[in-house]
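J.: Handing you a structure now.
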Amino acid sequence: MSIIIEDISKVFAKDTGREVAALDKLSFAIEEHEFVSIVGPSGCGKTTLLKIVAGLVKPDTGQIKFSGGQKNPSAVIVFQDQGLLPWLNVLDNVGLGLELKGIPKATRRTQVLEFMFRFRLDGFESHFPHELSIGMRQRVALARAFLTNPDIMLMDEPFGALDAQTRLILQEELLHTWRAEQNTVLFVTHDIDEAILLSDRIIVLSDRPGKLQTIIPIPLGRPRELTLKDQPTFTSIRQQIWKLLEPEVRKELKLT
Amino acid sequence: MKNSLRKMIARYRENLITLALILGFLLIWELLARAGLVSRIIFPAPSRILVLFFANLAAGKYTRDMIVTFSRVFSGFLIGGGSALVLGLIMGWSTRIRRVLDPIVAALHPIPKFALLPMVIILFGIGESSRIAMVSIGSFFPMLISTMVGVLQINPTYYEVIENYGASRLDTFRKVVLPGSLPFIIGGMRLALKSALTLTIGVEMVFGNSGLGRVLWLSWETMRMTDMYSVLLIVSIIGFGLTWSLESLKKFLIPWHQEVRSAE
Ligand SMILES: Nc1ncnc2c1ncn2[C@@H]1O[C@H](COP(=O)(O)OP(=O)(O)OP(=O)(O)O)[C@@H](O)[C@H]1O
Ligand SMILES: [Mg+2]
């Protein structure tokens, strides 16, 4: 599923009458089966963009087009704060997407258990989200999203709260699933190394309101090894992105 | 052995202090009454009250009135609380309906419900329906406001999550609105039952032909103080019992709740 993001702007009106411009005339395109990361300072509208692509938020201007003129492809968000329903146990949270599709409980159960196993959640079926560590909650959110096998996977800093080791394992798991299922992935992260390691291209956004700054292709073959991080290509891309990002982050933090 | 006893004491320390306070109060009362330092007619010794209380209870003296009072509390709670539950969910969920009805609720809510008694009698007559109407009105507002607040405090992300997975309106209600507001609904039930009990006793004291409220008033008028204290005891036991059953219901219905609150 290819995605064309065309001229998207969004202004939020607060109750106080103040307005916040989140996105400003943003345009870029994502190829079918592509893995694209988005980096940009905090508050530049990354989450908003994902919600617009998923159809949860209406843009003020512009439109999202999908390949073949399809209107509503399946696009699932892995929410930044996990978005697990506190009143459902792990089994029901992971199975939520399937349940809403009307898949009967017995069929659902085997699939859910399989995915729970893949994300190393087995044994926690009857636990509630508050009984899990943050890392486990993120794995529940990932399992839930992957289980529905959407055309488009929208991931909002899904590994943000993970320790370094778990993060590596899940990054590998993500790449593996992506290659197998061939979904199109839009991946928001604050971690530049993670973006380089995972993506085909990286979209760099400016400080709020988010405008397109640069698109950086990653000329690294796949599958990618961790040792890539020390290669000159990798380090030069890292420097290139940080040079673009640093002034924007400083602006956001009001340091200049 | 000694160690485990010490642990027990440490664990229930506050409860033990509560118990000691109550017993101390009753002991002083008992001594004062026996010594004749307070009027034995108005403050009969607690031991005498308790003996008569259990004798009367066993003889079934209060049974009929207890049943009457209980059924009034429940009918009023079901009618008032039930309709408030439905309306509260709707008002919490629909911004538009809330904007229309909120001012009306805000205007009616602060009226002391007992002040509506004359108007209710005009509308419903002096029969049973007036009494049930009063109790219903009393249960209505606490239930309405708790339910509405319950829906409003649901984290908006949950709506986005469920919409993202293609939920219908009914799915959203079943999976987010209802379970998300349940802790507040149960809290509302507690307030509504308390209010129902208060109004039932009050209305019975005014109408004066049946129920624990009538016994209470009659015992005061005829200066039978042990009866009065007995009824007070029964009413407080009922109130305590209702609260306790709701607390148990909570552990069963919302096992996910306690920890969520302490985590926030
Ligand atoms: N529902 C909303 N109502 C009002 N303002 C909003 C809403 N959602 C987002 N905003 C505002 O829009 C701007 C962009 O928010 P968004 O969450 O998209 O940023 P972000 O890039 O995801 O930030 P972060 O990296 O910190 O997650 C912020 O200033 C935010 O306050
Ligand atoms: Mg965000």
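Ligands are numbered from 1 in the order shown, chains are lettered A, B, ... in the order of the structure tokens, and residues start at 1 in each chain.
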Ligand 2: which residues are within 10 Å, counting only C-alpha atoms and all ligand atoms? Reply as a ChimeraX atom specification.

T.: /A:40-50,79-81,156-157,188-190

J.: Counting only C-alpha atoms, a student should be able to say which residues of chain A come within 7 Å of chain B; what is the right answer, written as a tab-separated table (two decimals) with N, CA and C atoms, in the first residue's frame?

T.:
```
chain	number	residue	atom	x	y	z
A	56	LEU	N	-8.08	9.19	11.99
A	56	LEU	CA	-8.65	9.52	13.30
A	56	LEU	C	-8.79	11.02	13.50
A	76	VAL	N	-3.12	0.61	11.20
A	76	VAL	CA	-3.19	0.45	12.65
A	76	VAL	C	-2.08	1.24	13.32
A	83	GLY	N	-1.77	2.73	24.65
A	83	GLY	CA	-3.20	2.65	24.37
A	83	GLY	C	-3.83	1.32	24.72
A	85	LEU	N	-6.28	-0.96	26.88
A	85	LEU	CA	-7.45	-0.70	27.71
A	85	LEU	C	-7.23	-1.33	29.08
A	86	PRO	N	-7.23	-0.51	30.14
A	86	PRO	CA	-6.85	-1.00	31.48
A	86	PRO	C	-7.77	-2.10	31.99
A	87	TRP	N	-9.03	-2.14	31.48
A	87	TRP	CA	-10.00	-3.11	31.99
A	87	TRP	C	-9.98	-4.43	31.23
A	97	GLY	N	-8.33	-6.23	18.23
A	97	GLY	CA	-8.55	-5.98	16.81
A	97	GLY	C	-9.34	-7.10	16.15
A	100	LEU	N	-13.04	-7.11	17.27
A	100	LEU	CA	-13.86	-6.09	16.62
A	100	LEU	C	-14.11	-6.43	15.15
A	128	PHE	N	-3.61	-7.84	34.01
A	128	PHE	CA	-4.10	-6.55	33.53
A	128	PHE	C	-2.90	-5.65	33.23
A	130	HIS	N	-1.89	-2.83	34.20
A	130	HIS	CA	-1.17	-2.20	35.31
A	130	HIS	C	-0.26	-3.18	36.03
```

J.: Quick one: everything within 8 Å of segment 134-138 of chain A, counting only C-alpha atoms, minus sequence neighbours fewer than 2 positions away in the same chain. Send it as a list in words.

T.: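 Neighbouring residues, sequence-local ones excluded: Gln82, Leu84, Leu121, Pro129, Leu132, Val140, Ala141, Leu142, Pro158, Phe159, Ala161, Leu162, Asp163 and Thr166 of chain A.
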
J.: Excluding Phe184 of chain B and any residue of its chain fewer than 3 positions from it, enumerate the residues within 12 Å of it, using only C-alpha atoms, and give them as a ChimeraX atom specification.

T.: /B:85,88-89,92,142-154,177-181,187-192,250,254,257

J.: Pull the alpha helix (DSSP H) assignments for segment 29-243 of chain B out of DSSP run on the backbone, and list those residues as a ChimeraX atom specification.

T.: /B:29-34,46-59,63-76,82-93,95-108,117-124,128-152,156-164,169-172,178-207,212-221,225-243

J.: Need the shell around Pro73 of chain A: protein/DNA/RNA residues with any atom at most 12 Å away, counting only C-alpha atoms. Skip same-chain ones fewer than 6 positions apart. Format as a PyMOL selection string?

T.: (chain A and resi 1-3+53-55+64-67+149-153+183-184) or (chain B and resi 164-166)

J.: What is the atom CA of Ile111 of chain B-atom CA of Ile201 of chain B distance in Å, reported with one decimal?

T.: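 The value is 18.6 Å.
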
J.: Would you kindly return, as a VMD selection string, each protein, DNA or RNA residue with an atom no farther than 9 Å from any atom of Arg144 of chain A, considering only C-alpha atoms and excluding same-chain residues fewer than 3 positions away?

T.: chain A and resid 78 93 to 98 112 115 to 116 139 to 141 147 to 148

J.: Quick one: residues within 7 Å of Ser126 of chain A, only C-alpha atoms counted, chain neighbours fewer than 6 positions away excluded, as JSON, numbers by chain?

T.: {"A": [89, 90, 91]}

J.: Please produce a file of the residues just selected, as a PDB file, in the first residue's frame, where the atoms kept are C-alpha atoms.

T.:
```
ATOM      1  CA  ASN A  89      -6.462  -8.480  30.408  1.00  0.00           C
ATOM      2  CA  VAL A  90      -3.515  -9.171  28.113  1.00  0.00           C
ATOM      3  CA  LEU A  91      -5.376 -11.854  26.177  1.00  0.00           C
TER       4      LEU A  91
END
```

J.: Can you measure atom CA of Lys229 of chain A to atom CA of Val39 of chain A for me? One decimal in Å is fine.

T.: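 So the two atoms, atom CA of Lys229 of chain A and atom CA of Val39 of chain A, lie 18.1 Å apart.
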
J.: What is the atom CA of Glu34 of chain A-atom CA of Asp193 of chain A distance in Å, reported with one decimal?

T.: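 Separating atom CA of Glu34 of chain A from atom CA of Asp193 of chain A is a distance of 18.1 Å.
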